[in-house]
file start-v9.cif (mmCIF, C-alpha atoms)
data_target
#
loop_
_atom_site.label_atom_id
_atom_site.label_comp_id
_atom_site.auth_asym_id
_atom_site.auth_seq_id
_atom_site.Cartn_x
_atom_site.Cartn_y
_atom_site.Cartn_z
CA MET L 1 -133.35 -29.06 -130.73
CA ALA L 2 -132.12 -32.34 -132.15
CA PHE L 3 -134.83 -34.59 -130.72
CA PHE L 4 -136.60 -36.76 -133.29
CA SER L 5 -137.96 -40.18 -134.20
CA ILE L 6 -137.24 -42.22 -137.31
CA GLN L 7 -139.87 -44.60 -138.68
CA ASN L 8 -139.64 -47.88 -140.59
CA ILE L 9 -136.08 -48.88 -139.73
CA ALA L 10 -135.25 -52.19 -138.06
CA VAL L 11 -131.91 -53.13 -136.50
CA LYS L 12 -131.46 -56.67 -137.82
CA GLY L 13 -127.97 -57.64 -136.68
CA ILE L 14 -124.93 -56.56 -134.67
CA ALA L 15 -121.44 -58.08 -134.73
CA ALA L 16 -118.18 -57.06 -133.06
CA ALA L 17 -114.52 -57.91 -133.61
CA VAL L 18 -111.52 -57.32 -131.32
CA PRO L 19 -107.80 -57.94 -131.74
CA ALA L 20 -106.70 -61.31 -130.30
CA GLN L 21 -103.84 -59.67 -128.41
CA GLU L 22 -104.87 -58.96 -124.81
CA GLU L 23 -103.13 -56.71 -122.27
CA SER L 24 -103.81 -56.58 -118.55
CA ASN L 25 -103.57 -53.48 -116.38
CA TRP L 26 -101.99 -55.70 -113.70
CA ASP L 27 -98.96 -55.78 -116.03
CA TYR L 28 -98.80 -52.01 -116.62
CA ALA L 29 -95.32 -51.12 -115.40
CA LEU L 30 -95.93 -47.41 -114.84
CA LEU L 31 -98.14 -47.99 -111.81
CA THR L 32 -97.42 -49.36 -108.34
CA GLU L 33 -99.49 -52.31 -107.10
CA SER L 34 -101.80 -50.09 -105.05
CA GLU L 35 -102.18 -47.67 -107.96
CA LYS L 36 -103.14 -50.57 -110.21
CA LYS L 37 -105.71 -51.73 -107.69
CA LEU L 38 -107.19 -48.24 -107.41
CA LEU L 39 -107.20 -47.71 -111.19
CA ILE L 40 -108.96 -51.02 -111.85
CA LYS L 41 -111.49 -50.45 -109.08
CA THR L 42 -112.25 -46.87 -110.16
CA THR L 43 -112.21 -47.09 -113.96
CA GLY L 44 -113.32 -50.71 -114.14
CA VAL L 45 -110.70 -51.47 -116.81
CA GLU L 46 -108.81 -54.69 -116.09
CA LYS L 47 -108.03 -56.02 -119.57
CA ARG L 48 -107.85 -54.45 -122.99
CA ARG L 49 -107.36 -55.64 -126.56
CA ARG L 50 -104.57 -54.07 -128.53
CA ALA L 51 -104.29 -54.07 -132.32
CA PRO L 52 -100.80 -54.96 -133.57
CA LYS L 53 -99.02 -52.24 -135.55
CA GLY L 54 -100.70 -51.74 -138.92
CA MET L 55 -104.04 -53.33 -137.97
CA ALA L 56 -106.68 -50.68 -138.61
CA THR L 57 -110.22 -50.22 -137.35
CA SER L 58 -111.47 -51.15 -140.80
CA ASP L 59 -109.80 -54.58 -140.49
CA LEU L 60 -111.87 -55.29 -137.39
CA CYS L 61 -115.06 -53.91 -138.94
CA PHE L 62 -114.40 -55.94 -142.09
CA GLU L 63 -114.19 -59.24 -140.20
CA ALA L 64 -117.32 -58.39 -138.22
CA ALA L 65 -119.21 -57.50 -141.42
CA LYS L 66 -118.15 -60.67 -143.25
CA THR L 67 -119.49 -62.82 -140.42
CA LEU L 68 -122.68 -60.80 -139.96
CA LEU L 69 -123.59 -60.76 -143.68
CA ALA L 70 -123.19 -64.56 -143.79
CA GLU L 71 -125.37 -65.07 -140.70
CA LEU L 72 -128.02 -62.64 -141.97
CA ASN L 73 -128.01 -64.34 -145.37
CA TRP L 74 -127.82 -60.94 -147.01
CA GLU L 75 -126.58 -60.75 -150.59
CA LYS L 76 -123.82 -58.20 -151.15
CA GLU L 77 -125.71 -56.79 -154.15
CA GLU L 78 -128.53 -55.78 -151.79
CA ILE L 79 -126.46 -53.37 -149.70
CA ASP L 80 -127.35 -49.78 -150.60
CA ALA L 81 -125.33 -47.84 -148.04
CA LEU L 82 -122.23 -48.15 -145.87
CA VAL L 83 -121.30 -45.59 -143.22
CA PHE L 84 -118.06 -45.83 -141.24
CA VAL L 85 -117.93 -43.97 -137.92
CA SER L 86 -114.46 -43.62 -136.43
CA GLN L 87 -111.67 -41.33 -135.35
CA SER L 88 -109.01 -43.77 -136.53
CA SER L 89 -109.45 -43.96 -140.28
CA ASP L 90 -107.10 -45.93 -142.55
CA TYR L 91 -105.73 -42.82 -144.27
CA TYR L 92 -105.95 -39.07 -144.01
CA LEU L 93 -107.88 -39.51 -147.24
CA PRO L 94 -109.80 -41.17 -148.93
CA ALA L 95 -112.69 -42.07 -146.64
CA THR L 96 -112.40 -45.55 -145.16
CA ALA L 97 -116.04 -46.44 -145.96
CA ILE L 98 -115.21 -46.40 -149.66
CA ILE L 99 -112.28 -48.79 -149.19
CA LEU L 100 -114.58 -51.08 -147.20
CA GLN L 101 -117.20 -51.05 -149.99
CA ASP L 102 -114.68 -52.57 -152.36
CA ARG L 103 -113.08 -54.90 -149.84
CA LEU L 104 -116.45 -56.36 -148.84
CA GLY L 105 -117.39 -56.77 -152.50
CA LEU L 106 -120.38 -54.44 -152.24
CA PRO L 107 -121.79 -53.05 -155.50
CA LYS L 108 -120.62 -49.74 -156.93
CA SER L 109 -124.20 -48.53 -156.54
CA CYS L 110 -123.63 -48.53 -152.75
CA LEU L 111 -123.24 -45.07 -151.17
CA ALA L 112 -120.35 -44.83 -148.71
CA PHE L 113 -118.95 -42.12 -146.46
CA ASP L 114 -117.27 -41.57 -143.08
CA ILE L 115 -118.37 -39.76 -139.94
CA GLY L 116 -115.66 -38.51 -137.58
CA LEU L 117 -116.99 -39.02 -134.05
CA GLY L 118 -115.84 -41.02 -131.02
CA CYS L 119 -117.72 -41.90 -127.84
CA SER L 120 -121.04 -40.55 -129.17
CA GLY L 121 -120.43 -42.03 -132.63
CA TYR L 122 -122.63 -45.11 -132.44
CA VAL L 123 -125.75 -43.11 -131.57
CA TYR L 124 -124.95 -40.44 -134.16
CA GLY L 125 -124.18 -43.03 -136.85
CA LEU L 126 -127.42 -44.84 -136.13
CA SER L 127 -129.33 -41.56 -136.49
CA VAL L 128 -127.68 -40.61 -139.79
CA LEU L 129 -128.06 -43.99 -141.44
CA SER L 130 -131.60 -44.69 -140.21
CA SER L 131 -132.69 -41.19 -141.33
CA LEU L 132 -131.14 -41.78 -144.73
CA LEU L 133 -132.84 -45.15 -145.23
CA SER L 134 -136.17 -43.91 -143.92
CA ALA L 135 -136.21 -40.84 -146.17
CA SER L 136 -134.88 -42.52 -149.31
CA GLY L 137 -136.58 -45.89 -149.16
CA LEU L 138 -133.21 -47.61 -149.62
CA LYS L 139 -133.52 -51.12 -148.21
CA LYS L 140 -130.35 -52.39 -146.55
CA ALA L 141 -127.34 -50.70 -144.98
CA LEU L 142 -124.29 -51.36 -142.84
CA LEU L 143 -123.15 -49.09 -140.02
CA MET L 144 -119.51 -49.82 -139.25
CA VAL L 145 -118.28 -48.29 -136.03
CA GLY L 146 -115.09 -48.58 -134.05
CA ASP L 147 -111.66 -47.33 -133.16
CA VAL L 148 -108.07 -48.40 -132.74
CA SER L 149 -107.26 -45.98 -129.93
CA THR L 150 -104.16 -47.76 -128.64
CA ALA L 151 -102.19 -46.58 -131.68
CA THR L 152 -102.46 -42.95 -130.60
CA CYS L 153 -102.11 -43.33 -126.81
CA SER L 154 -98.62 -42.88 -125.37
CA VAL L 155 -97.55 -46.00 -123.45
CA GLU L 156 -95.93 -43.64 -120.93
CA ASP L 157 -99.18 -41.78 -120.22
CA LYS L 158 -100.96 -43.38 -117.28
CA SER L 159 -103.94 -41.06 -117.80
CA THR L 160 -104.79 -42.63 -121.19
CA TYR L 161 -102.89 -45.84 -121.96
CA PRO L 162 -104.50 -48.13 -119.33
CA LEU L 163 -108.02 -47.01 -120.30
CA PHE L 164 -108.41 -47.69 -123.99
CA GLY L 165 -108.95 -50.86 -126.01
CA ASP L 166 -109.55 -51.52 -129.70
CA ALA L 167 -112.69 -52.87 -131.37
CA GLY L 168 -114.66 -52.71 -134.61
CA THR L 169 -118.36 -53.40 -135.03
CA VAL L 170 -121.06 -53.60 -137.66
CA THR L 171 -124.80 -53.01 -137.33
CA ALA L 172 -127.20 -54.07 -140.08
CA LEU L 173 -130.20 -51.81 -140.72
CA GLN L 174 -133.17 -52.59 -142.92
CA PHE L 175 -136.20 -50.67 -144.17
CA ASP L 176 -139.15 -52.39 -142.49
CA LYS L 177 -142.69 -50.98 -142.30
CA ALA L 178 -143.35 -53.07 -139.17
CA ALA L 179 -140.40 -51.63 -137.20
CA SER L 180 -140.95 -49.53 -134.06
CA PRO L 181 -139.63 -45.96 -134.28
CA ILE L 182 -136.06 -45.19 -133.20
CA THR L 183 -135.92 -42.01 -131.13
CA PHE L 184 -132.87 -39.78 -130.79
CA SER L 185 -131.57 -36.85 -128.80
CA LEU L 186 -128.27 -35.49 -130.15
CA ASN L 187 -126.18 -32.80 -128.45
CA SER L 188 -122.90 -30.90 -128.79
CA ASP L 189 -120.72 -28.58 -126.72
CA GLY L 190 -117.67 -27.50 -128.66
CA SER L 191 -116.48 -25.28 -125.83
CA GLY L 192 -115.02 -28.49 -124.38
CA PHE L 193 -113.14 -29.50 -127.53
CA LYS L 194 -109.81 -29.61 -125.72
CA ALA L 195 -110.98 -32.09 -123.06
CA ILE L 196 -110.14 -35.06 -125.31
CA ILE L 197 -107.84 -34.15 -128.18
CA ILE L 198 -104.98 -35.15 -130.43
CA GLU L 199 -103.41 -31.73 -130.93
CA ASP L 200 -101.15 -32.35 -133.92
CA GLY L 201 -101.57 -33.94 -137.32
CA GLY L 202 -104.59 -32.00 -138.51
CA ILE L 203 -104.49 -28.80 -140.53
CA ARG L 204 -104.50 -26.57 -137.42
CA ASN L 205 -101.21 -28.03 -136.20
CA LEU L 206 -99.60 -29.84 -139.11
CA ALA L 207 -97.48 -32.83 -138.12
CA SER L 208 -93.84 -31.82 -137.74
CA PRO L 209 -90.76 -33.49 -136.22
CA GLU L 210 -91.75 -31.73 -132.97
CA SER L 211 -95.07 -33.64 -132.98
CA PHE L 212 -93.22 -36.87 -132.16
CA VAL L 213 -91.26 -35.54 -129.18
CA LEU L 214 -92.43 -37.00 -125.85
CA LYS L 215 -92.90 -34.29 -123.22
CA ASP L 216 -93.26 -34.53 -119.46
CA VAL L 217 -96.76 -33.24 -118.78
CA ALA L 218 -97.09 -34.44 -115.19
CA LYS L 219 -95.88 -37.31 -113.03
CA GLY L 220 -96.57 -40.51 -114.99
CA ILE L 221 -97.71 -38.57 -118.04
CA LYS L 222 -95.34 -38.36 -121.01
CA ARG L 223 -96.84 -37.75 -124.39
CA ALA L 224 -96.27 -36.12 -127.78
CA GLY L 225 -98.46 -33.84 -129.89
CA LEU L 226 -99.59 -36.84 -131.94
CA ASN L 227 -100.80 -38.68 -128.84
CA LEU L 228 -104.24 -38.57 -127.34
CA ALA L 229 -104.57 -36.12 -124.42
CA LEU L 230 -107.39 -36.57 -121.93
CA ASN L 231 -108.51 -34.18 -119.20
CA GLY L 232 -110.16 -36.77 -116.99
CA LEU L 233 -111.71 -34.37 -114.48
CA ASP L 234 -113.36 -32.19 -117.13
CA VAL L 235 -114.74 -35.21 -118.96
CA PHE L 236 -115.94 -36.69 -115.68
CA ASN L 237 -117.78 -33.52 -114.71
CA PHE L 238 -119.33 -33.12 -118.13
CA SER L 239 -120.50 -36.73 -118.13
CA VAL L 240 -122.10 -36.76 -114.69
CA THR L 241 -123.95 -33.47 -115.24
CA GLU L 242 -124.94 -33.11 -118.93
CA VAL L 243 -125.64 -36.77 -119.63
CA PRO L 244 -128.11 -37.40 -116.76
CA ALA L 245 -129.84 -34.08 -117.51
CA SER L 246 -130.29 -35.05 -121.17
CA LEU L 247 -131.41 -38.56 -120.21
CA LYS L 248 -134.07 -37.20 -117.86
CA GLU L 249 -135.27 -34.84 -120.59
CA PHE L 250 -135.37 -37.76 -123.05
CA LEU L 251 -137.44 -39.90 -120.68
CA ARG L 252 -139.81 -37.01 -120.08
CA LYS L 253 -140.28 -36.26 -123.78
CA THR L 254 -140.78 -39.91 -124.71
CA GLU L 255 -143.08 -40.40 -121.69
CA SER L 256 -141.01 -43.35 -120.63
CA ASN L 257 -139.14 -44.38 -117.48
CA THR L 258 -136.59 -46.96 -116.38
CA ASP L 259 -139.30 -49.66 -116.50
CA SER L 260 -139.85 -48.99 -120.21
CA PHE L 261 -136.47 -50.51 -121.13
CA ASP L 262 -134.95 -53.94 -120.71
CA TYR L 263 -131.42 -52.56 -120.84
CA PHE L 264 -129.64 -49.22 -120.62
CA ILE L 265 -126.34 -49.41 -122.51
CA MET L 266 -123.85 -46.64 -121.85
CA HIS L 267 -120.65 -45.85 -123.66
CA GLN L 268 -118.04 -47.74 -121.61
CA ALA L 269 -116.05 -44.74 -120.43
CA ASN L 270 -115.21 -45.27 -116.79
CA LYS L 271 -117.03 -47.49 -114.30
CA LEU L 272 -117.26 -44.88 -111.53
CA MET L 273 -118.54 -42.23 -113.97
CA ASN L 274 -121.06 -44.60 -115.54
CA GLU L 275 -122.27 -45.78 -112.14
CA THR L 276 -122.77 -42.15 -111.09
CA ILE L 277 -124.95 -41.62 -114.18
CA ARG L 278 -126.83 -44.87 -113.54
CA LYS L 279 -127.63 -43.88 -109.95
CA LYS L 280 -128.81 -40.42 -110.99
CA ILE L 281 -131.26 -41.91 -113.49
CA GLY L 282 -132.28 -44.71 -111.13
CA PHE L 283 -131.66 -47.72 -113.37
CA PRO L 284 -131.24 -50.98 -111.42
CA VAL L 285 -127.80 -52.61 -111.66
CA GLU L 286 -129.11 -55.64 -113.55
CA LYS L 287 -130.33 -53.47 -116.44
CA VAL L 288 -126.95 -51.81 -117.01
CA PRO L 289 -124.35 -54.27 -118.34
CA TYR L 290 -120.64 -53.49 -118.61
CA SER L 291 -117.94 -54.83 -120.92
CA ILE L 292 -115.32 -52.33 -119.70
CA SER L 293 -113.49 -54.79 -117.42
CA LYS L 294 -112.74 -57.09 -120.38
CA TYR L 295 -112.24 -54.59 -123.22
CA GLY L 296 -111.61 -51.15 -121.69
CA ASN L 297 -112.96 -47.96 -123.24
CA THR L 298 -113.44 -48.92 -126.88
CA SER L 299 -114.62 -45.47 -128.00
CA SER L 300 -117.45 -45.57 -130.54
CA ALA L 301 -117.50 -49.40 -130.53
CA SER L 302 -118.36 -49.70 -126.85
CA ILE L 303 -122.17 -49.74 -127.10
CA PRO L 304 -122.52 -52.45 -129.78
CA LEU L 305 -119.56 -54.36 -128.26
CA THR L 306 -121.33 -54.41 -124.88
CA ILE L 307 -124.54 -55.70 -126.49
CA VAL L 308 -122.64 -58.55 -128.20
CA SER L 309 -120.38 -59.31 -125.24
CA GLU L 310 -122.94 -59.16 -122.43
CA LEU L 311 -126.40 -59.72 -123.95
CA ARG L 312 -125.92 -62.04 -126.90
CA ASP L 313 -127.95 -64.91 -125.39
CA ILE L 314 -130.85 -62.55 -124.66
CA VAL L 315 -131.08 -60.45 -127.82
CA VAL L 316 -131.10 -63.40 -130.22
CA LYS L 317 -134.57 -64.48 -129.06
CA GLY L 318 -137.69 -62.36 -128.62
CA GLU L 319 -137.88 -58.61 -128.26
CA THR L 320 -135.50 -56.34 -126.34
CA GLU L 321 -136.03 -52.64 -125.62
CA PHE L 322 -132.84 -50.59 -125.44
CA LEU L 323 -131.93 -47.17 -124.17
CA LEU L 324 -128.46 -46.05 -125.31
CA ALA L 325 -126.21 -43.17 -124.28
CA GLY L 326 -122.92 -42.26 -125.96
CA PHE L 327 -120.91 -39.33 -124.60
CA GLY L 328 -117.41 -37.88 -124.68
CA VAL L 329 -114.96 -36.43 -127.20
CA GLY L 330 -116.27 -33.30 -128.89
CA LEU L 331 -117.80 -32.75 -126.47
CA SER L 332 -120.65 -34.66 -128.04
CA TRP L 333 -123.42 -36.82 -126.64
CA GLY L 334 -126.40 -38.72 -127.94
CA ILE L 335 -129.26 -40.78 -126.58
CA ALA L 336 -131.32 -43.31 -128.51
CA SER L 337 -134.08 -45.78 -127.82
CA PHE L 338 -134.85 -48.71 -130.07
CA ASN L 339 -136.14 -52.21 -130.06
CA VAL L 340 -134.72 -55.38 -131.61
CA LYS L 341 -136.52 -58.60 -132.48
CA ASN L 342 -134.58 -61.86 -132.73
CA LEU L 343 -131.38 -59.96 -133.41
CA VAL L 344 -128.75 -61.76 -135.46
CA CYS L 345 -125.72 -61.53 -133.19
CA PRO L 346 -122.67 -63.72 -133.79
CA LYS L 347 -120.14 -64.34 -131.02
CA ILE L 348 -117.32 -61.82 -130.65
CA ILE L 349 -114.76 -62.37 -133.38
CA GLU L 350 -111.04 -62.31 -132.58
CA VAL L 351 -108.72 -61.02 -135.29
CA MET K 1 -145.88 -19.98 -116.42
CA GLY K 2 -142.92 -17.98 -115.15
CA GLY K 3 -143.85 -18.31 -111.46
CA ASN K 4 -140.99 -17.13 -109.33
CA TYR K 5 -140.52 -19.06 -106.12
CA ASN K 6 -137.61 -17.15 -104.64
CA ASN K 7 -135.58 -19.37 -102.36
CA GLN K 8 -138.66 -21.31 -101.39
CA ILE K 9 -136.82 -24.59 -101.69
CA ILE K 10 -135.91 -25.89 -98.27
CA SER K 11 -132.71 -27.84 -98.61
CA GLU K 12 -131.99 -31.01 -96.71
CA LYS K 13 -130.02 -30.46 -93.56
CA MET K 14 -126.31 -30.41 -94.34
CA ILE K 15 -124.23 -32.80 -92.30
CA SER K 16 -121.42 -31.83 -89.93
CA ILE K 17 -117.76 -31.89 -90.94
CA GLU K 18 -117.22 -34.95 -88.75
CA GLU K 19 -119.85 -36.90 -90.66
CA PHE K 20 -118.48 -35.56 -93.95
CA ILE K 21 -115.03 -36.90 -93.05
CA LYS K 22 -116.49 -40.30 -92.13
CA THR K 23 -118.18 -40.48 -95.53
CA LEU K 24 -114.91 -39.61 -97.31
CA GLU K 25 -112.92 -42.15 -95.29
CA ALA K 26 -115.44 -44.88 -96.06
CA GLU K 27 -115.05 -44.16 -99.77
CA PHE K 28 -111.22 -44.28 -99.70
CA GLU K 29 -111.05 -47.80 -98.39
CA GLU K 30 -107.26 -47.77 -98.05
CA LEU K 31 -107.49 -45.02 -95.39
CA GLN K 32 -107.59 -45.93 -91.71
CA PRO K 33 -110.56 -44.27 -89.94
CA GLY K 34 -109.28 -41.17 -88.14
CA THR K 35 -106.62 -40.37 -90.77
CA LEU K 36 -108.51 -37.40 -92.16
CA LYS K 37 -108.74 -34.23 -90.09
CA PRO K 38 -110.31 -30.91 -91.14
CA GLU K 39 -106.79 -29.51 -91.67
CA THR K 40 -105.44 -32.55 -93.59
CA LYS K 41 -104.03 -31.65 -97.01
CA PHE K 42 -105.21 -34.13 -99.65
CA THR K 43 -101.87 -34.09 -101.45
CA ASP K 44 -100.07 -35.04 -98.21
CA LEU K 45 -101.86 -38.39 -98.14
CA ASP K 46 -99.83 -41.41 -99.23
CA GLU K 47 -100.51 -42.50 -102.80
CA TRP K 48 -102.80 -39.54 -103.49
CA SER K 49 -103.72 -39.68 -107.19
CA SER K 50 -106.08 -38.28 -109.77
CA MET K 51 -108.27 -41.34 -109.17
CA HIS K 52 -109.08 -39.92 -105.76
CA SER K 53 -110.25 -36.69 -107.41
CA LEU K 54 -112.71 -38.69 -109.51
CA ILE K 55 -113.89 -40.57 -106.43
CA ILE K 56 -114.49 -37.27 -104.59
CA ILE K 57 -116.42 -35.75 -107.51
CA ALA K 58 -118.62 -38.86 -107.86
CA LEU K 59 -119.22 -39.14 -104.11
CA ILE K 60 -120.19 -35.50 -103.66
CA ASP K 61 -122.40 -35.59 -106.73
CA THR K 62 -124.35 -38.67 -105.64
CA GLU K 63 -124.43 -37.97 -101.87
CA TYR K 64 -125.00 -34.21 -101.80
CA ASP K 65 -126.08 -33.37 -105.37
CA VAL K 66 -123.26 -30.83 -105.56
CA THR K 67 -120.96 -30.44 -108.57
CA ILE K 68 -117.25 -30.10 -107.84
CA THR K 69 -115.13 -29.13 -110.85
CA GLY K 70 -111.54 -29.98 -111.65
CA GLU K 71 -110.71 -26.30 -111.02
CA ASP K 72 -112.29 -26.50 -107.56
CA LEU K 73 -110.09 -29.45 -106.72
CA MET K 74 -106.99 -27.61 -107.96
CA SER K 75 -107.72 -24.70 -105.62
CA ILE K 76 -108.65 -26.84 -102.63
CA LYS K 77 -105.87 -28.06 -100.35
CA LYS K 78 -107.53 -29.10 -97.11
CA VAL K 79 -110.47 -31.30 -96.19
CA GLU K 80 -112.27 -28.37 -94.49
CA GLU K 81 -112.07 -26.29 -97.70
CA LEU K 82 -113.82 -29.06 -99.59
CA TYR K 83 -116.44 -29.28 -96.85
CA THR K 84 -117.05 -25.52 -97.05
CA ILE K 85 -117.63 -25.65 -100.81
CA VAL K 86 -120.02 -28.58 -100.49
CA LYS K 87 -121.90 -26.87 -97.65
CA ASP K 88 -122.19 -23.54 -99.49
CA ARG K 89 -123.39 -25.07 -102.73
CA HIS K 90 -125.68 -27.49 -100.97
CA THR K 91 -127.71 -24.73 -99.34
CA THR K 92 -127.93 -22.33 -102.29
#

call {"tool": "encode", "arguments": {"input": "start-v9.cif", "output": "C-alpha cells"}}
result
Amino acid sequence: MAFFSIQNIAVKGIAAAVPAQEESNWDYALLTESEKKLLIKTTGVEKRRRAPKGMATSDLCFEAAKTLLAELNWEKEEIDALVFVSQSSDYYLPATAIILQDRLGLPKSCLAFDIGLGCSGYVYGLSVLSSLLSASGLKKALLMVGDVSTATCSVEDKSTYPLFGDAGTVTALQFDKAASPITFSLNSDGSGFKAIIIEDGGIRNLASPESFVLKDVAKGIKRAGLNLALNGLDVFNFSVTEVPASLKEFLRKTESNTDSFDYFIMHQANKLMNETIRKKIGFPVEKVPYSISKYGNTSSASIPLTIVSELRDIVVKGETEFLLAGFGVGLSWGIASFNVKNLVCPKIIEV
Amino acid sequence: MGGNYNNQIISEKMISIEEFIKTLEAEFEELQPGTLKPETKFTDLDEWSSMHSLIIIALIDTEYDVTITGEDLMSIKKVEELYTIVKDRHTT
C-alpha cells in the first residue's frame, strides 16, 4: 500500500505560467447557446489559455522557473535535481527535463528526468522528488509540472476541446530539518487505461497517415487517432467513487479531518465532479478554491496553478496547511498533505 | 474481527417516484415542472446531452448514495427505469 510520509522536505516556492492567448467557451462554434450555458455551468470551464503552435510545456515551465529562482534568490549552481512531469514532452526523446537543465543554466551535476503522468502528476512528482531529496540529502530541487493539452485535442470534439487549457508550473523543494512531514497516498487502476487516451503515436499503434484522419465518433465529436479521447462518464464515475474513498482512508490514517487543513486543492477536472467529491468529504466551500473557470482543466498543472491563482495573497505570509488530490488519466490518483511557511509565490506569468 | 451483520443495516426510506421526478426537474433548471413523467424517454427531451448524464450521476450519488455507471445510462431509456435502479440499489 503506497501510503507514506517523507521527512525534512520543505516546499519553498511555487510559480505558474500560462499562454497569453485566451479562448472563451462562449465563442466555441460547435455548441448552441443553451449547450454553451449548460457546459459552462456543469464543467465550470468558461475561459482557457491556448499555447500557439510550437509553444511547448517546457517553455511555460522555463518562464515560471526563471521568475521563481530570481524571487527565491537561489543560485543555479545549488540546484541538485530537476524533475519534469508531463504528458506533452518536447520530443519523443530525449527527456525534456534534460533540455530544461541546460536551458535554465543549471550545473551538469544536476540530475534530471521525466515522469509521464497527467492529472495525478503533481502529487506523484512531489512524492518522487521529496523522497529523493530526503533519502539522498541533496539540498535543492525543482519540480516542473504542466501540459499543453490543446495541441492534442481535436477542435471538432466537443467532449474534449472546450475543457482543456495549457499551463506550466514549477515548485521549489529544499532539504530542511525543521520541515513538517509530507504525507502521500498513491494509487493506480490500469483497467481504466482507455478512459483517457491518445491511441496512436506510441509503439502500440505507431503513427501512420491513418492517425491523422478525422473520424465521426458521435454527434459533435470528430477526432483522429492522434487526438485525445475522453470517456467522460467513466472518468466521472471513477472520480466520485475512488477519490472520496481514498480521501476518507487518508484522513483516517493520518488522524485528521476537514478542520486540520486550511485548503483542499483538487485537480481542476470538472466543477460538478469536484463539487460531488467535496460534498462527500464534507469540506466547506470556502476551503476549496477553483481556477477552472479561468483556465480550464490544465492537467498536471492544475493544483499548483490553483494555489498561485487563488491563494497567492494567503500563502505568502504565515503557515498554510494543504490537502491535495490529483486524479484522472491512467487511471491514477494521489493524495498529499503538506504545509508551507511564507511561500515564495510570484504572480501568474503570461507567455 | 470478522463480525457478520447480515442485512442489519436499515436503509433510509426511499422516496416515491413523484418526489424523485421533482428532484430531477429541480436539477435540470431548463425543464418546466411537470415535463418529466415516469414514461418520459430522456433522449426525447429537447437539447438532451451528455452533460445531463453527468448531472444525473452526480445528483444520484449525492442525494441517494447510489452509483450509476455510464453503462447503466446507456441501457436506461425512461425515467421510471432510472428510478427502479436507484430504488433497488438504495435498499440493498

call {"tool": "resolve_selection", "arguments": {"input": "start-v9.cif", "expression": "the PyMOL selection byres ((chain L) within 10 of (chain K))", "output": "JSON list (two decimals) with C-alpha atoms, in the frame of the given file"}}
result
[["chain", "number", "residue", "atom", "x", "y", "z"],
["L", 32, "THR", "CA", -97.42, -49.36, -108.34],
["L", 34, "SER", "CA", -101.80, -50.09, -105.05],
["L", 35, "GLU", "CA", -102.18, -47.67, -107.96],
["L", 38, "LEU", "CA", -107.19, -48.24, -107.41],
["L", 39, "LEU", "CA", -107.20, -47.71, -111.19],
["L", 41, "LYS", "CA", -111.49, -50.45, -109.08],
["L", 42, "THR", "CA", -112.25, -46.87, -110.16],
["L", 43, "THR", "CA", -112.21, -47.09, -113.96],
["L", 159, "SER", "CA", -103.94, -41.06, -117.80],
["L", 231, "ASN", "CA", -108.51, -34.18, -119.20],
["L", 232, "GLY", "CA", -110.16, -36.77, -116.99],
["L", 233, "LEU", "CA", -111.71, -34.37, -114.48],
["L", 234, "ASP", "CA", -113.36, -32.19, -117.13],
["L", 235, "VAL", "CA", -114.74, -35.21, -118.96],
["L", 236, "PHE", "CA", -115.94, -36.69, -115.68],
["L", 237, "ASN", "CA", -117.78, -33.52, -114.71],
["L", 238, "PHE", "CA", -119.33, -33.12, -118.13],
["L", 240, "VAL", "CA", -122.10, -36.76, -114.69],
["L", 241, "THR", "CA", -123.95, -33.47, -115.24],
["L", 272, "LEU", "CA", -117.26, -44.88, -111.53],
["L", 273, "MET", "CA", -118.54, -42.23, -113.97],
["L", 274, "ASN", "CA", -121.06, -44.60, -115.54],
["L", 275, "GLU", "CA", -122.27, -45.78, -112.14],
["L", 276, "THR", "CA", -122.77, -42.15, -111.09],
["L", 277, "ILE", "CA", -124.95, -41.62, -114.18],
["L", 279, "LYS", "CA", -127.63, -43.88, -109.95],
["L", 280, "LYS", "CA", -128.81, -40.42, -110.99]]

call {"tool": "residues_around", "arguments": {"input": "start-v9.cif", "residues": "Cys110 (chain L)", "least_positions_apart": "3", "cutoff": "10 Å", "atoms": "only C-alpha atoms", "output": "list in words"}}
result
Lys76, Glu77, Glu78, Ile79, Asp80, Ala81, Leu82, Ile98, Gln101, Asp102, Leu106, Pro107, Lys140 and Ala141 of chain L

call {"tool": "resolve_selection", "arguments": {"input": "start-v9.cif", "expression": "the PyMOL selection byres ((chain L and resi 4) around 6)", "output": "NGL selection string"}}
result
:L and (3 or 5 or 183-184)

call {"tool": "closest_residue", "arguments": {"input": "start-v9.cif", "among": "K:Lys78, K:Lys37, K:Phe42, K:Glu63", "to": "Thr23 (chain K)", "atoms": "only C-alpha atoms"}}
result
K:Glu63

call {"tool": "atom_distance", "arguments": {"input": "start-v9.cif", "atom1": "CA of Ile115 (chain L)", "atom2": "CA of Ala64 (chain L)"}}
result
18.7 Å

call {"tool": "resolve_selection", "arguments": {"input": "start-v9.cif", "expression": "the PyMOL selection byres ((chain L and resi 333-342) around 8)", "output": "PyMOL selection string"}}
result
chain L and resi 10-12+119-120+123-124+180-188+243+246-247+250+315-328+331-332+343-344

call {"tool": "closest_residue", "arguments": {"input": "start-v9.cif", "among": "L:Leu143, L:Val170, L:Leu30, L:Ile203", "to": "Lys66 (chain L)", "atoms": "all atoms listed in the file"}}
result
L:Val170

call {"tool": "closest_residue", "arguments": {"input": "start-v9.cif", "among": "L:Ile281, L:Leu111, L:Leu163, L:Val288", "to": "Leu228 (chain L)", "atoms": "all atoms listed in the file"}}
result
L:Leu163

call {"tool": "atom_distance", "arguments": {"input": "start-v9.cif", "atom1": "CA of Tyr161 (chain L)", "atom2": "CA of Glu310 (chain L)"}}
result
24.1 Å

call {"tool": "atom_distance", "arguments": {"input": "start-v9.cif", "atom1": "CA of Thr57 (chain L)", "atom2": "CA of Ala207 (chain L)"}}
result
21.6 Å

call {"tool": "closest_residue", "arguments": {"input": "start-v9.cif", "among": "L:Gly146, L:Gly220, L:Gly165, L:Pro289", "to": "Leu311 (chain L)", "atoms": "only C-alpha atoms"}}
result
L:Pro289

call {"tool": "axis_aligned_box", "arguments": {"input": "start-v9.cif", "around": "region 70-89 of chain K", "padding_each_side": "8 Å", "output": "JSON"}}
result
{"center_x": -114.6, "center_y": -27.4, "center_z": -103.1, "size_x": 33.5, "size_y": 23.8, "size_z": 33.2}
